[in-house]
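Okay, query_9.tsv now, which holds TSV, C-alpha atoms:
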```tsv
chain	number	residue	atom	x	y	z
L	27	MET	CA	-8.09	-5.28	44.11
L	28	PRO	CA	-10.35	-7.79	42.33
L	29	ASP	CA	-13.77	-8.45	43.82
L	30	PHE	CA	-13.68	-12.01	45.13
L	31	GLU	CA	-17.16	-11.73	46.64
L	32	TYR	CA	-19.04	-11.03	43.39
L	33	ILE	CA	-21.48	-13.90	42.67
L	34	LEU	CA	-21.50	-15.42	39.18
L	35	ASN	CA	-23.64	-18.10	37.65
L	36	GLY	CA	-21.81	-20.90	35.97
L	37	LEU	CA	-21.39	-24.57	35.29
L	38	ASN	CA	-19.49	-26.77	37.69
L	39	ALA	CA	-17.04	-29.43	36.50
L	40	ASN	CA	-19.95	-31.85	36.01
L	41	GLY	CA	-21.87	-29.36	33.88
L	42	ASP	CA	-24.51	-28.55	36.50
L	43	GLU	CA	-25.63	-24.93	36.97
L	44	ALA	CA	-24.47	-23.31	40.19
L	45	GLU	CA	-23.62	-19.95	41.74
L	46	PHE	CA	-20.00	-19.19	42.50
L	47	SER	CA	-17.91	-16.60	44.30
L	48	LEU	CA	-14.12	-16.77	44.11
L	49	ASN	CA	-14.21	-16.65	47.91
L	50	ASP	CA	-15.78	-20.13	47.74
L	51	PHE	CA	-12.35	-21.38	46.71
L	52	SER	CA	-10.22	-19.69	49.36
L	53	GLY	CA	-7.72	-22.13	50.77
L	54	GLN	CA	-6.90	-23.56	47.35
L	55	LYS	CA	-4.88	-22.29	44.44
L	56	ILE	CA	-6.88	-21.25	41.34
L	57	ILE	CA	-6.05	-20.84	37.67
L	58	LEU	CA	-8.57	-18.22	36.55
L	59	TYR	CA	-8.59	-17.61	32.83
L	60	PHE	CA	-10.65	-15.02	30.99
L	61	TYR	CA	-11.52	-15.59	27.35
L	62	PRO	CA	-13.55	-13.48	24.89
L	63	LYS	CA	-16.20	-15.81	23.44
L	64	ASP	CA	-17.42	-19.41	23.43
L	65	ASN	CA	-17.12	-21.36	20.19
L	66	THR	CA	-14.62	-19.06	18.47
L	67	SER	CA	-11.41	-20.51	17.09
L	68	GLY	CA	-8.89	-19.09	19.58
L	69	CYS	CA	-11.13	-19.58	22.60
L	70	THR	CA	-11.97	-23.14	21.56
L	71	GLN	CA	-8.29	-23.96	21.12
L	72	GLU	CA	-7.44	-22.48	24.51
L	73	ALA	CA	-10.27	-24.34	26.27
L	74	CYS	CA	-9.30	-27.62	24.60
L	75	ASP	CA	-5.64	-27.11	25.56
L	76	PHE	CA	-6.71	-26.60	29.17
L	77	ARG	CA	-9.07	-29.63	28.93
L	78	ASP	CA	-6.33	-31.85	27.50
L	79	ASN	CA	-3.94	-30.88	30.30
L	80	LEU	CA	-6.43	-30.82	33.16
L	81	ASN	CA	-4.87	-33.74	35.03
L	82	ARG	CA	-1.48	-32.00	34.97
L	83	LEU	CA	-3.04	-28.67	36.01
L	84	ASN	CA	-5.14	-30.15	38.82
L	85	LYS	CA	-1.96	-31.34	40.57
L	86	TYR	CA	-1.38	-27.67	41.36
L	87	ALA	CA	-4.63	-25.73	41.15
L	88	LEU	CA	-8.32	-25.63	40.29
L	89	LEU	CA	-9.09	-24.41	36.75
L	90	ILE	CA	-11.90	-21.88	36.17
L	91	GLY	CA	-12.77	-20.28	32.82
L	92	VAL	CA	-14.67	-16.97	32.59
L	93	SER	CA	-16.31	-15.21	29.64
L	94	PRO	CA	-19.22	-12.81	29.16
L	95	ASP	CA	-21.24	-15.58	27.47
L	96	SER	CA	-24.55	-16.85	28.86
L	97	ILE	CA	-25.04	-20.14	30.73
L	98	LYS	CA	-26.83	-21.48	27.65
L	99	SER	CA	-23.81	-20.65	25.48
L	100	HIS	CA	-21.48	-22.25	28.05
L	101	LYS	CA	-23.58	-25.43	28.05
L	102	THR	CA	-23.33	-25.73	24.27
L	103	PHE	CA	-19.59	-24.96	24.32
L	104	ARG	CA	-18.98	-27.43	27.15
L	105	GLU	CA	-20.91	-30.24	25.47
L	106	LYS	CA	-19.44	-29.65	22.01
L	107	GLN	CA	-15.84	-29.56	23.29
L	108	GLY	CA	-16.10	-32.06	26.17
L	109	LEU	CA	-14.97	-29.47	28.71
L	110	ASN	CA	-14.65	-30.74	32.26
L	111	PHE	CA	-13.90	-27.68	34.37
L	112	ILE	CA	-15.84	-24.77	35.84
L	113	LEU	CA	-17.09	-22.12	33.41
L	114	LEU	CA	-18.40	-18.85	34.82
L	115	SER	CA	-20.78	-16.51	33.03
L	116	ASP	CA	-19.78	-12.87	33.57
L	117	GLU	CA	-22.51	-11.30	31.40
L	118	GLU	CA	-22.29	-7.97	33.23
L	119	HIS	CA	-18.47	-8.20	33.07
L	120	LYS	CA	-18.14	-7.16	36.71
L	121	LEU	CA	-15.50	-9.77	37.50
L	122	ALA	CA	-13.64	-8.93	34.28
L	123	GLU	CA	-13.73	-5.24	35.19
L	124	SER	CA	-12.44	-5.93	38.70
L	125	PHE	CA	-9.48	-7.84	37.20
L	126	GLY	CA	-8.90	-5.10	34.63
L	127	VAL	CA	-9.50	-7.37	31.63
L	128	TRP	CA	-12.66	-5.64	30.29
L	129	VAL	CA	-10.88	-3.32	27.88
L	130	GLU	CA	-11.33	-1.31	24.73
L	131	LYS	CA	-10.43	-3.38	21.69
L	132	SER	CA	-10.26	-2.60	18.00
L	133	MET	CA	-11.03	-4.72	14.96
L	134	TYR	CA	-11.02	-3.39	11.40
L	135	GLY	CA	-10.95	0.14	12.79
L	136	ARG	CA	-14.05	-0.41	14.94
L	137	LYS	CA	-13.61	0.12	18.67
L	138	TYR	CA	-15.57	-1.95	21.17
L	139	MET	CA	-15.32	-3.28	24.72
L	140	GLY	CA	-14.35	-6.89	25.30
L	141	ILE	CA	-12.28	-9.38	27.26
L	142	GLU	CA	-8.50	-9.23	27.06
L	143	ARG	CA	-7.44	-12.89	27.01
L	144	SER	CA	-5.73	-13.25	30.40
L	145	THR	CA	-4.83	-15.86	32.99
L	146	PHE	CA	-4.33	-15.36	36.72
L	147	ILE	CA	-2.89	-17.65	39.35
L	148	ILE	CA	-4.66	-16.89	42.63
L	149	ASN	CA	-3.09	-18.28	45.77
L	150	GLU	CA	-4.76	-19.88	48.76
L	151	ASP	CA	-5.19	-16.47	50.43
L	152	CYS	CA	-7.09	-15.03	47.42
L	153	GLN	CA	-4.09	-12.97	46.30
L	154	ILE	CA	-2.98	-12.73	42.68
L	155	GLU	CA	0.31	-14.60	42.53
L	156	LYS	CA	0.97	-14.44	38.78
L	157	GLN	CA	-0.75	-13.00	35.72
L	158	TRP	CA	-0.47	-13.27	31.98
L	159	ARG	CA	-2.09	-10.50	29.89
L	160	LYS	CA	-2.77	-10.44	26.14
L	161	VAL	CA	-2.27	-14.20	26.10
L	162	LYS	CA	-1.29	-15.93	22.89
L	163	VAL	CA	-3.08	-19.29	22.86
L	164	LYS	CA	-0.32	-21.42	21.37
L	165	GLY	CA	1.92	-22.71	24.17
L	166	HIS	CA	0.08	-20.84	26.93
L	167	VAL	CA	-1.04	-23.89	28.90
L	168	ASP	CA	2.56	-25.12	28.93
L	169	GLU	CA	3.63	-21.73	30.35
L	170	VAL	CA	1.06	-22.08	33.13
L	171	ILE	CA	2.14	-25.62	33.96
L	172	GLU	CA	5.81	-24.61	33.92
L	173	TYR	CA	5.11	-21.76	36.34
L	174	LEU	CA	3.02	-23.93	38.69
L	175	SER	CA	5.54	-26.78	38.75
L	176	LYS	CA	8.38	-24.58	40.07
```

Could you take the file, read its structure, and then write that structure out as structure tokens?
Amino acid sequence: MPDFEYILNGLNANGDEAEFSLNDFSGQKIILYFYPKDNTSGCTQEACDFRDNLNRLNKYALLIGVSPDSIKSHKTFREKQGLNFILLSDEEHKLAESFGVWVEKSMYGRKYMGIERSTFIINEDCQIEKQWRKVKVKGHVDEVIEYLSK
């Protein structure tokens, strides 16, 4: 069971620093998406797709992005891309571990630990309602909206 009480630093939708626990959002549906790294091509595309569809998404749920990047990195990413949703900094990857998305990865034969691009729909009772693992960026936001609009 994911740890909804773990406190993370982050940026709220206005870009101000704050502390968050997923329990802070009980009573509302959440789209929680984990991504590997700020300012990389796939992660930028995914964040911009979420940004561009935020009005459609907010009809159904609150959007929160999570990566192991620092607050400083999130600020730069947010400003550069005009992001307007909560970004959490999971530098110790405790939240990622509790959701099972801190995994061994491999690139060019080198093994390392990192975030598995994933999205979770968390219901009003803090229960995982739906999950997408090993997300492919292209078309993913449409999949999320399609699921939420049913």

Would you please work out which residue, of L:Glu72, L:Ile57, L:Gly108, L:Thr102, is nearest to Val170 in chain L when using only C-alpha atoms?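 Result for the nearest residue to Val170 in chain L: L:Ile57.
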
Tell me, in Å to one decimal, how far CA of His100 in chain L is from CA of Arg136 in chain L. 26.5 Å

Counting all atoms listed in the file, the residue of L:Ile112, L:Leu83, L:Met133, L:Cys152 that sits nearest Tyr173 in chain L: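 Among L:Ile112, L:Leu83, L:Met133, L:Cys152, it is L:Leu83 that comes nearest to Tyr173 in chain L.
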
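Taking CA of Glu169 in chain L and CA of Arg77 in chain L as endpoints, the distance between them is 15.0 Å.
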
From L:Tyr61, L:Lys101, L:Lys120, L:Gly68, residue lying nearest Ile141 in chain L [only C-alpha atoms]: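 Closest candidate: L:Tyr61.
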
9 Å contact set for range 29-38 of chain L, only C-alpha atoms, chain neighbours under 4 positions out, as a JSON list (two decimals) with C-alpha atoms, in the coordinates of the input:
```json
[["chain", "number", "residue", "atom", "x", "y", "z"],
["L", 42, "ASP", "CA", -24.51, -28.55, 36.50],
["L", 43, "GLU", "CA", -25.63, -24.93, 36.97],
["L", 44, "ALA", "CA", -24.47, -23.31, 40.19],
["L", 45, "GLU", "CA", -23.62, -19.95, 41.74],
["L", 46, "PHE", "CA", -20.00, -19.19, 42.50],
["L", 47, "SER", "CA", -17.91, -16.60, 44.30],
["L", 48, "LEU", "CA", -14.12, -16.77, 44.11],
["L", 49, "ASN", "CA", -14.21, -16.65, 47.91],
["L", 50, "ASP", "CA", -15.78, -20.13, 47.74],
["L", 92, "VAL", "CA", -14.67, -16.97, 32.59],
["L", 96, "SER", "CA", -24.55, -16.85, 28.86],
["L", 97, "ILE", "CA", -25.04, -20.14, 30.73],
["L", 100, "HIS", "CA", -21.48, -22.25, 28.05],
["L", 101, "LYS", "CA", -23.58, -25.43, 28.05],
["L", 104, "ARG", "CA", -18.98, -27.43, 27.15],
["L", 110, "ASN", "CA", -14.65, -30.74, 32.26],
["L", 111, "PHE", "CA", -13.90, -27.68, 34.37],
["L", 112, "ILE", "CA", -15.84, -24.77, 35.84],
["L", 113, "LEU", "CA", -17.09, -22.12, 33.41],
["L", 114, "LEU", "CA", -18.40, -18.85, 34.82],
["L", 115, "SER", "CA", -20.78, -16.51, 33.03],
["L", 116, "ASP", "CA", -19.78, -12.87, 33.57],
["L", 117, "GLU", "CA", -22.51, -11.30, 31.40],
["L", 120, "LYS", "CA", -18.14, -7.16, 36.71],
["L", 121, "LEU", "CA", -15.50, -9.77, 37.50],
["L", 124, "SER", "CA", -12.44, -5.93, 38.70],
["L", 125, "PHE", "CA", -9.48, -7.84, 37.20],
["L", 152, "CYS", "CA", -7.09, -15.03, 47.42]]
```

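Our summary of the geometry notes that CA of Thr145 in chain L is positioned 17.3 Å from CA of Lys176 in chain L.
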
Considering all atoms listed in the file, can you say which of L:Gln153, L:Trp158, L:Phe146, L:Ala87 comes closest to Leu58 in chain L?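 Looking only at the distances to Leu58 in chain L, the closest residue turns out to be L:Phe146.
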
Which one of L:Glu105, L:Asp64, L:Glu123, L:Asp78 sits closest to Asp168 in chain L if you count only C-alpha atoms?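 Checking each candidate against Asp168 in chain L, we get L:Asp78 as the closest.
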
Just checking: using all atoms listed in the file, which residue out of L:Lys55, L:Gly41, L:Cys74, L:Glu130 ends up closest to Glu150 in chain L?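 When distances to Glu150 in chain L are compared using all atoms listed in the file, the smallest one comes from L:Lys55.
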
Within 8 Å of (-9.1, -8.5, 32.6) in the file's own coordinates, which protein, DNA or RNA residues have an atom, counting all atoms listed in the file? List them as an MDAnalysis selection string. chainID L and resid 60 122:129 141:144 159
